[in-house]
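One file, work-v4.txt, is given below (compact mmCIF, C-alpha atoms).
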# COMPACT_ATOMS: atom_id res chain seq x y z
CA MET A 438 86.92 105.18 91.55
CA ARG A 439 87.65 101.49 91.79
CA ALA A 440 85.22 99.17 90.09
CA LEU A 441 84.03 96.85 92.84
CA ARG A 442 81.83 93.97 91.78
CA ARG A 443 79.99 91.72 94.21
CA SER A 444 78.12 88.58 93.33
CA THR A 445 76.75 85.42 94.90
CA ARG A 446 75.62 82.25 93.20
CA GLN A 447 73.71 83.39 90.13
CA ARG A 448 70.30 82.08 89.15
CA THR A 449 70.97 82.41 85.43
CA SER A 450 73.64 80.82 83.28
CA LEU A 451 76.12 82.61 81.08
CA LEU A 452 77.65 81.56 77.78
CA TRP A 453 81.27 82.60 77.44
CA SER A 454 83.66 82.16 74.54
CA PRO A 455 87.13 81.70 76.04
CA PRO A 456 90.21 83.05 74.26
CA VAL A 457 92.44 80.61 72.43
CA ALA A 458 95.21 81.44 74.89
CA THR A 459 95.43 83.78 77.85
CA ALA A 460 97.57 86.76 76.83
CA PHE A 461 100.72 87.51 78.84
CA ALA A 462 100.99 90.68 80.92
CA ARG A 463 104.66 91.61 80.65
CA ASN A 464 105.02 94.59 82.96
CA GLN A 465 104.36 92.49 86.04
CA TRP A 466 106.29 90.55 88.67
CA TYR A 467 106.32 86.75 88.40
CA VAL A 468 107.69 84.04 90.66
CA ALA A 469 110.52 82.25 88.87
CA ALA A 470 111.84 80.07 91.68
CA TYR A 471 112.04 79.50 95.40
CA GLY A 472 115.02 81.22 96.96
CA SER A 473 116.33 77.81 97.96
CA GLU A 474 116.52 76.79 94.29
CA VAL A 475 118.89 79.59 93.29
CA GLY A 476 122.49 78.98 94.22
CA ARG A 477 125.92 78.51 92.68
CA SER A 478 124.55 76.22 90.01
CA LEU A 479 122.91 77.62 86.89
CA LEU A 480 119.12 77.28 86.97
CA ALA A 481 117.06 77.46 83.78
CA ARG A 482 113.48 78.72 83.77
CA THR A 483 111.29 80.04 80.95
CA VAL A 484 108.98 82.89 81.93
CA LEU A 485 106.47 84.36 79.46
CA GLY A 486 108.31 82.56 76.68
CA GLU A 487 111.70 84.01 77.57
CA PRO A 488 114.49 81.57 78.56
CA ILE A 489 116.24 82.88 81.68
CA VAL A 490 119.21 81.59 83.66
CA PHE A 491 119.41 82.25 87.41
CA TYR A 492 122.34 82.04 89.80
CA ARG A 493 123.58 83.54 93.05
CA THR A 494 126.73 85.66 93.23
CA ALA A 495 129.66 84.55 95.35
CA ARG A 496 130.43 88.15 96.29
CA ASP A 497 127.19 89.12 98.04
CA GLY A 498 124.81 86.20 97.51
CA ARG A 499 122.26 88.12 95.47
CA ALA A 500 120.19 86.43 92.78
CA VAL A 501 120.95 87.26 89.14
CA ALA A 502 118.72 86.67 86.10
CA LEU A 503 120.13 86.78 82.56
CA ALA A 504 118.73 85.83 79.19
CA ASP A 505 119.58 82.16 78.71
CA ARG A 506 121.08 82.47 75.24
CA CYS A 507 124.61 83.45 74.25
CA VAL A 508 124.59 86.26 71.67
CA HIS A 509 127.13 84.38 69.51
CA ARG A 510 125.40 81.12 68.54
CA ARG A 511 122.45 81.15 70.98
CA TYR A 512 123.84 78.39 73.16
CA PRO A 513 121.98 78.13 76.49
CA LEU A 514 123.99 79.77 79.25
CA SER A 515 122.25 77.45 81.71
CA GLU A 516 124.25 74.63 80.10
CA SER A 517 127.49 76.53 80.71
CA ARG A 518 129.53 77.30 83.84
CA LEU A 519 130.26 79.97 86.40
CA ASP A 520 133.68 81.56 86.78
CA GLY A 521 133.39 83.64 89.92
CA ASP A 522 130.34 85.80 89.26
CA THR A 523 130.58 85.61 85.45
CA VAL A 524 128.95 83.06 83.17
CA VAL A 525 131.21 81.38 80.62
CA CYS A 526 129.36 80.05 77.59
CA GLY A 527 129.97 76.32 77.28
CA TYR A 528 130.14 76.45 73.47
CA HIS A 529 132.66 79.20 72.52
CA GLY A 530 133.59 80.86 75.80
CA PHE A 531 131.81 84.21 75.54
CA THR A 532 131.76 85.48 79.13
CA TYR A 533 129.08 87.68 80.75
CA ASP A 534 129.02 89.66 83.98
CA THR A 535 125.98 90.07 86.24
CA SER A 536 124.62 92.94 84.11
CA GLY A 537 124.66 90.76 80.99
CA THR A 538 127.62 92.62 79.48
CA CYS A 539 130.10 90.46 77.59
CA VAL A 540 133.55 90.87 79.17
CA PHE A 541 135.47 88.31 77.10
CA VAL A 542 135.39 87.15 73.48
CA PRO A 543 137.68 84.32 72.34
CA GLY A 544 140.39 85.08 69.79
CA GLN A 545 140.22 88.88 69.81
CA GLN A 546 140.77 91.86 72.08
CA ARG A 547 137.87 93.98 70.86
CA ILE A 548 134.50 93.09 72.31
CA PRO A 549 131.60 94.02 70.00
CA ARG A 550 129.41 96.76 71.42
CA THR A 551 126.31 94.62 70.95
CA ALA A 552 127.78 91.64 72.80
CA ARG A 553 125.43 91.58 75.75
CA VAL A 554 122.41 89.65 76.96
CA ALA A 555 119.36 90.96 78.76
CA SER A 556 119.48 91.25 82.54
CA TYR A 557 116.18 91.09 84.41
CA PRO A 558 115.23 92.86 87.66
CA VAL A 559 115.06 90.35 90.51
CA VAL A 560 113.62 90.64 94.04
CA GLU A 561 113.66 87.99 96.77
CA LEU A 562 110.62 88.25 99.00
CA ASP A 563 108.70 85.81 101.21
CA SER A 564 110.88 82.86 100.10
CA PHE A 565 110.19 83.51 96.38
CA VAL A 566 112.49 84.84 93.66
CA TRP A 567 110.44 87.34 91.66
CA VAL A 568 111.47 88.44 88.15
CA TRP A 569 110.25 91.35 86.03
CA ILE A 570 109.95 90.54 82.32
CA GLY A 571 108.78 93.91 80.94
CA ASP A 572 110.28 97.39 80.83
CA PRO A 573 112.98 97.47 83.56
CA GLY A 574 112.23 101.12 84.23
CA LEU A 575 108.78 100.16 85.49
CA ALA A 576 109.97 97.46 87.90
CA ASP A 577 108.76 98.71 91.29
CA GLU A 578 109.23 96.07 93.98
CA LYS A 579 106.56 97.74 96.11
CA LEU A 580 104.04 96.27 93.64
CA ILE A 581 104.87 92.70 94.67
CA PRO A 582 101.99 91.15 96.66
CA ARG A 583 102.99 89.66 99.99
CA ALA A 584 102.78 86.14 101.41
CA ARG A 585 104.35 86.88 104.78
CA HIS A 586 103.36 83.57 106.34
CA LEU A 587 105.95 81.82 104.14
CA THR A 588 108.74 83.26 106.27
CA ASP A 589 106.82 83.76 109.54
CA PRO A 590 108.57 81.75 112.30
CA GLU A 591 105.17 80.88 113.78
CA PHE A 592 104.35 78.83 110.68
CA VAL A 593 105.80 75.63 109.26
CA THR A 594 105.67 75.43 105.47
CA VAL A 595 105.94 72.60 102.96
CA SER A 596 106.26 73.49 99.30
CA GLY A 597 106.98 72.35 95.78
CA MET A 598 106.57 73.19 92.10
CA GLU A 599 104.97 71.31 89.24
CA PRO A 600 105.02 72.30 85.56
CA ILE A 601 101.67 71.88 83.82
CA ASP A 602 101.10 71.61 80.07
CA CYS A 603 98.12 73.94 79.97
CA ASP A 604 97.21 77.55 79.38
CA TYR A 605 97.86 79.41 82.61
CA GLY A 606 94.33 80.80 82.59
CA LEU A 607 93.07 77.26 83.21
CA LEU A 608 95.04 77.09 86.44
CA VAL A 609 93.58 80.46 87.50
CA ASP A 610 90.09 79.06 86.87
CA ASN A 611 90.92 75.90 88.80
CA LEU A 612 92.06 77.75 91.90
CA LEU A 613 89.29 80.35 91.97
CA ASP A 614 86.52 77.75 91.74
CA LEU A 615 87.11 75.29 94.59
CA SER A 616 83.84 73.45 93.99
CA HIS A 617 85.97 71.00 92.00
CA GLU A 618 87.41 69.77 95.33
CA THR A 619 84.23 67.74 95.85
CA TYR A 620 84.71 65.78 92.64
CA LEU A 621 88.39 65.86 91.71
CA HIS A 622 89.80 65.70 95.25
CA GLY A 623 87.24 63.54 97.04
CA GLY A 624 88.95 61.53 99.77
CA TYR A 625 91.68 64.18 100.08
CA ILE A 626 90.36 67.72 100.61
CA GLY A 627 86.92 67.53 99.03
CA THR A 628 83.56 66.93 100.73
CA PRO A 629 80.00 67.46 99.40
CA GLU A 630 79.66 70.73 101.30
CA VAL A 631 82.33 72.46 99.19
CA ALA A 632 80.28 72.19 96.01
CA ASP A 633 76.95 72.76 97.78
CA THR A 634 77.86 75.96 99.63
CA PRO A 635 77.25 79.30 97.81
CA ILE A 636 80.16 81.71 97.37
CA THR A 637 80.59 85.44 97.66
CA THR A 638 82.84 87.14 95.09
CA GLU A 639 84.41 90.60 95.17
CA ALA A 640 86.50 91.91 92.29
CA ASP A 641 88.48 95.12 92.48
CA GLU A 642 89.41 95.20 88.82
CA GLN A 643 91.40 98.42 89.02
CA ALA A 644 93.61 97.02 91.79
CA GLY A 645 93.75 93.61 90.10
CA VAL A 646 92.44 91.66 93.10
CA VAL A 647 89.71 89.02 93.23
CA ARG A 648 88.31 87.66 96.50
CA VAL A 649 86.12 84.58 96.78
CA ALA A 650 84.67 83.38 100.09
CA ARG A 651 83.01 80.06 100.89
CA HIS A 652 81.99 79.57 104.54
CA MET A 653 80.75 76.10 105.53
CA THR A 654 79.17 76.08 108.99
CA ASP A 655 78.62 72.31 109.22
CA ALA A 656 80.84 70.19 107.00
CA ALA A 657 82.51 66.81 107.00
CA CYS A 658 86.17 66.93 107.95
CA PRO A 659 88.24 65.70 104.98
CA PRO A 660 91.35 63.54 105.55
CA PHE A 661 93.67 66.50 104.85
CA TYR A 662 92.44 68.15 108.05
CA ALA A 663 91.33 65.13 110.08
CA LYS A 664 94.79 63.55 109.96
CA SER A 665 96.70 66.79 110.53
CA THR A 666 94.57 68.24 113.34
CA GLY A 667 93.03 65.16 114.97
CA ILE A 668 89.47 66.46 114.62
CA GLY A 669 87.11 63.50 114.32
CA GLY A 670 83.70 65.12 113.93
CA ARG A 671 82.14 67.76 111.72
CA ILE A 672 83.72 71.17 111.30
CA THR A 673 83.13 74.79 110.53
CA ARG A 674 85.29 75.34 107.46
CA LEU A 675 86.11 78.80 106.13
CA GLN A 676 87.75 79.31 102.74
CA ASP A 677 88.76 82.88 101.89
CA ILE A 678 90.64 83.34 98.62
CA GLU A 679 92.67 86.36 97.53
CA TYR A 680 94.03 86.39 93.98
CA PHE A 681 96.50 89.13 93.12
CA ALA A 682 96.70 89.10 89.34
CA PRO A 683 98.58 87.83 87.55
CA CYS A 684 100.70 85.65 89.80
CA LEU A 685 99.87 85.24 93.49
CA TYR A 686 96.98 83.22 94.96
CA LEU A 687 96.31 82.91 98.68
CA LEU A 688 93.76 80.62 100.32
CA HIS A 689 93.17 81.48 103.97
CA SER A 690 91.69 78.35 105.53
CA ARG A 691 90.24 78.14 109.05
CA ILE A 692 88.61 75.10 110.66
CA THR A 693 87.06 74.54 114.09
CA PRO A 694 84.82 71.79 115.49
CA VAL A 695 81.16 72.58 114.81
CA GLY A 696 79.68 74.83 117.50
CA GLU A 697 83.06 75.58 119.08
CA GLN A 698 85.27 78.65 119.06
CA SER A 699 88.42 76.65 119.69
CA PRO A 700 90.65 75.00 118.87
CA SER A 701 90.94 76.97 115.64
CA PHE A 702 93.36 75.61 113.07
CA ARG A 703 94.79 78.03 110.53
CA THR A 704 96.27 76.91 107.23
CA GLU A 705 97.62 79.29 104.59
CA ILE A 706 97.75 77.77 101.11
CA THR A 707 99.81 79.65 98.54
CA TYR A 708 100.09 79.28 94.78
CA ALA A 709 102.30 81.27 92.45
CA ILE A 710 100.94 80.98 88.92
CA THR A 711 103.73 81.74 86.44
CA PRO A 712 103.18 81.38 82.69
CA SER A 713 106.16 79.62 81.15
CA ALA A 714 105.14 79.68 77.49
CA PRO A 715 101.89 79.39 75.53
CA GLY A 716 100.29 76.22 76.86
CA ALA A 717 102.71 75.84 79.79
CA VAL A 718 102.63 77.12 83.37
CA TYR A 719 104.67 76.71 86.55
CA ASP A 720 102.53 75.79 89.55
CA PHE A 721 104.42 76.81 92.70
CA TRP A 722 102.54 75.58 95.78
CA ALA A 723 103.00 75.87 99.52
CA VAL A 724 101.05 74.86 102.63
CA SER A 725 101.76 76.76 105.85
CA ARG A 726 100.29 75.92 109.25
CA ASN A 727 100.45 77.38 112.75
CA PHE A 728 99.52 74.17 114.61
CA ALA A 729 101.53 71.03 115.43
CA THR A 730 104.59 72.93 114.28
CA GLU A 731 106.96 70.59 116.13
CA ASP A 732 105.37 67.43 114.74
CA SER A 733 107.51 66.13 111.86
CA GLU A 734 104.94 63.44 111.02
CA VAL A 735 102.30 66.10 110.39
CA THR A 736 104.79 68.01 108.24
CA GLU A 737 105.56 64.97 106.08
CA PHE A 738 101.89 64.03 105.85
CA LEU A 739 100.93 67.49 104.58
CA ARG A 740 103.86 67.52 102.15
CA ASP A 741 102.94 64.16 100.62
CA PHE A 742 99.18 64.62 100.79
CA ASN A 743 99.17 68.05 99.22
CA HIS A 744 101.53 66.89 96.49
CA GLN A 745 98.99 64.21 95.60
CA VAL A 746 96.28 66.86 95.44
CA VAL A 747 98.44 69.06 93.21
CA MET A 748 99.14 66.13 90.89
CA GLN A 749 95.40 65.49 90.57
CA ASP A 750 95.07 69.08 89.34
CA VAL A 751 98.08 68.66 87.04
CA ASP A 752 96.59 65.56 85.41
CA ALA A 753 93.15 67.15 85.04
CA LEU A 754 94.50 70.39 83.53
CA ASN A 755 96.76 68.52 81.10
CA ILE A 756 93.69 66.58 79.92
CA LEU A 757 91.55 69.72 79.74
CA HIS A 758 94.09 71.68 77.70
CA LYS A 759 94.34 68.87 75.13
CA ALA A 760 90.57 68.71 74.90
CA LEU A 761 90.29 72.46 74.34
CA ASP A 762 92.98 72.34 71.65
CA ALA A 763 90.78 69.93 69.73
CA GLU A 764 87.69 72.15 69.91
CA PRO A 765 86.51 73.97 66.76
CA ALA A 766 86.78 77.74 66.66
CA GLY A 767 83.89 79.67 68.15
CA TYR A 768 82.77 77.15 70.75
CA GLN A 769 81.10 78.51 73.85
CA GLU A 770 81.47 77.43 77.45
CA LEU A 771 78.68 77.56 79.99
CA SER A 772 79.48 79.62 83.06
CA ILE A 773 77.44 79.84 86.26
CA GLY A 774 77.64 81.66 89.59
CA ILE A 775 80.62 79.72 90.92
CA ASP A 776 82.65 81.02 87.95
CA ALA A 777 82.33 84.67 88.98
CA GLY A 778 85.85 84.79 90.42
CA GLY A 779 87.46 83.20 87.38
CA LEU A 780 85.58 85.46 84.95
CA ALA A 781 86.64 88.54 86.91
CA ALA A 782 90.24 87.30 86.91
CA HIS A 783 90.20 86.87 83.13
CA ARG A 784 88.95 90.43 82.68
CA ILE A 785 91.80 91.68 84.85
CA LEU A 786 94.39 89.57 83.01
CA ALA A 787 93.14 90.87 79.65
CA ARG A 788 93.44 94.46 80.88
CA LEU A 789 96.94 93.92 82.26
CA ALA A 790 98.07 92.30 79.00
CA GLY A 791 96.84 95.31 77.07
CA GLN A 792 98.78 97.86 79.10
Just give me the structure of the file as structure tokens.
Amino acid sequence: MRALRRSTRQRTSLLWSPPVATAFARNQWYVAAYGSEVGRSLLARTVLGEPIVFYRTARDGRAVALADRCVHRRYPLSESRLDGDTVVCGYHGFTYDTSGTCVFVPGQQRIPRTARVASYPVVELDSFVWVWIGDPGLADEKLIPRARHLTDPEFVTVSGMEPIDCDYGLLVDNLLDLSHETYLHGGYIGTPEVADTPITTEADEQAGVVRVARHMTDAACPPFYAKSTGIGGRITRLQDIEYFAPCLYLLHSRITPVGEQSPSFRTEITYAITPSAPGAVYDFWAVSRNFATEDSEVTEFLRDFNHQVVMQDVDALNILHKALDAEPAGYQELSIGIDAGGLAAHRILARLAGQ
């Protein structure tokens, strides 16, 4: 039976000792890039501490992921070149096919049996390039959570990616507790009602899904929505979060003028949270809308405005990680009701890392 936990804003406080670093769950799918980033140039990304090089084959256009280190002298293959669909090491010329097998060694005919680099399972889905870091035999693409709006023709999407120098668990906390919008993002997406409105949290820990809902029936309209929708008065603002551990976060946002059923404006906000290394995370973000889809000014506004919001989070999380690094061992954080989603997510991440 699935363990389903429900909670609202708690009346009591909790003391919680956070781990030094959030452990990595290896047998999982992670977003490594947008599909548009992978082409006929070599792209370097580090996922769960493993350097990986990505490229797209000329033969059939599929994405390939190989370990980004030549077996000979560990030179990064991402600093090398493509010859057809093979990668030629830029240091001594060792050449690898799409499976990671070495097919050429300079100065000799015999290729050592161990001359190969790891090849990682890759799936392209909903505009993302997903990579599997763990046991390849367990890589089931049906386990990848969906973000169908990213490729839905009824939506227009703006997107980007920012690296953050923080433990990836801090980004999970940030996204599951949106009360920080009131204080960190005031004048952008935050209003007093976000912090003041109680939440409802559901955690299906067996399935690895956390849901957090905040429904504001009478709220100020922040600039993010006022300038993109044209609403001038107060709004009903619904925030429904789904977090599919460890990587995908969806915020289903709906706004309407107070007391009205229409117009209803739908915005889908997507984050892919990919640990790069201890103390480093890739923050892939996207904003999709189904209104004013032909208005290029709205598109550019949302692109620029959301990037500013993301950079506010980046700056805050960089500062927070440095502060936590300086803390003595055994310190305890205070957690309250609004942290229920983040605490549930950390339990799930710990379980996945232990599998």
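Excluding A:Arg506 and any residue on its chain fewer than 6 positions from it, the residues at most 8 Å away by only C-alpha atoms are Pro488, Tyr512, Pro513, Leu514 and Val554 of chain A.
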Open item on the list: I'd like the interatomic distance between atom CA of A:Gly623 and atom CA of A:Pro659, to a tenth of an Å.
Closed with: 8.3 Å
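If you look at atom CA of A:Arg518 and atom CA of A:Ser478, they are 8.0 Å away from each other.
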Open item on the list: Report as a ChimeraX atom specification all protein, DNA and RNA residues lying within 8 Å of A:Ala723, evaluated on only C-alpha atoms, omitting residues in the same chain fewer than 4 positions from it.
Closed with: /A:594-597,706-708
Stretch 699-703 of chain A environment, 12 Å, all atoms listed in the file, sequence neighbours closer than 3 positions dropped, as a JSON list (two decimals) with C-alpha atoms, in the coordinates of the input:
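Output (selection.json):
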[["chain", "number", "residue", "atom", "x", "y", "z"],
["A", 586, "HIS", "CA", 103.36, 83.57, 106.34],
["A", 591, "GLU", "CA", 105.17, 80.88, 113.78],
["A", 592, "PHE", "CA", 104.35, 78.83, 110.68],
["A", 593, "VAL", "CA", 105.80, 75.63, 109.26],
["A", 662, "TYR", "CA", 92.44, 68.15, 108.05],
["A", 663, "ALA", "CA", 91.33, 65.13, 110.08],
["A", 665, "SER", "CA", 96.70, 66.79, 110.53],
["A", 666, "THR", "CA", 94.57, 68.24, 113.34],
["A", 667, "GLY", "CA", 93.03, 65.16, 114.97],
["A", 668, "ILE", "CA", 89.47, 66.46, 114.62],
["A", 672, "ILE", "CA", 83.72, 71.17, 111.30],
["A", 673, "THR", "CA", 83.13, 74.79, 110.53],
["A", 674, "ARG", "CA", 85.29, 75.34, 107.46],
["A", 675, "LEU", "CA", 86.11, 78.80, 106.13],
["A", 676, "GLN", "CA", 87.75, 79.31, 102.74],
["A", 677, "ASP", "CA", 88.76, 82.88, 101.89],
["A", 688, "LEU", "CA", 93.76, 80.62, 100.32],
["A", 689, "HIS", "CA", 93.17, 81.48, 103.97],
["A", 690, "SER", "CA", 91.69, 78.35, 105.53],
["A", 691, "ARG", "CA", 90.24, 78.14, 109.05],
["A", 692, "ILE", "CA", 88.61, 75.10, 110.66],
["A", 693, "THR", "CA", 87.06, 74.54, 114.09],
["A", 694, "PRO", "CA", 84.82, 71.79, 115.49],
["A", 695, "VAL", "CA", 81.16, 72.58, 114.81],
["A", 696, "GLY", "CA", 79.68, 74.83, 117.50],
["A", 706, "ILE", "CA", 97.75, 77.77, 101.11],
["A", 724, "VAL", "CA", 101.05, 74.86, 102.63],
["A", 725, "SER", "CA", 101.76, 76.76, 105.85],
["A", 726, "ARG", "CA", 100.29, 75.92, 109.25],
["A", 727, "ASN", "CA", 100.45, 77.38, 112.75],
["A", 728, "PHE", "CA", 99.52, 74.17, 114.61],
["A", 729, "ALA", "CA", 101.53, 71.03, 115.43],
["A", 730, "THR", "CA", 104.59, 72.93, 114.28]]
- [ ] Kindly indicate which residue among A:Ala656, A:Val751, A:Leu780, A:Leu607 lies nearest to A:Ala458, using only C-alpha atoms for the distances.
- [x]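 The closest residue to A:Ala458 is A:Leu607.
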Open item on the list: List as a PyMOL selection string the protein and nucleic acid residues near A:Tyr620, meaning an atom at most 9 Å away when only C-alpha atoms are counted, but skip any in the same chain fewer than 5 places from it.
Closed with: chain A and resi 627-629+632
Open item on the list: What's around A:Ala576 at 9 Å? Count all atoms listed in the file, leave out sequence neighbours fewer than 6 positions away in its own chain, and write the answer as a list of chain:residue names.
Closed with: A:Asn464, A:Gln465, A:Trp466, A:Pro558, A:Trp569, A:Ile570
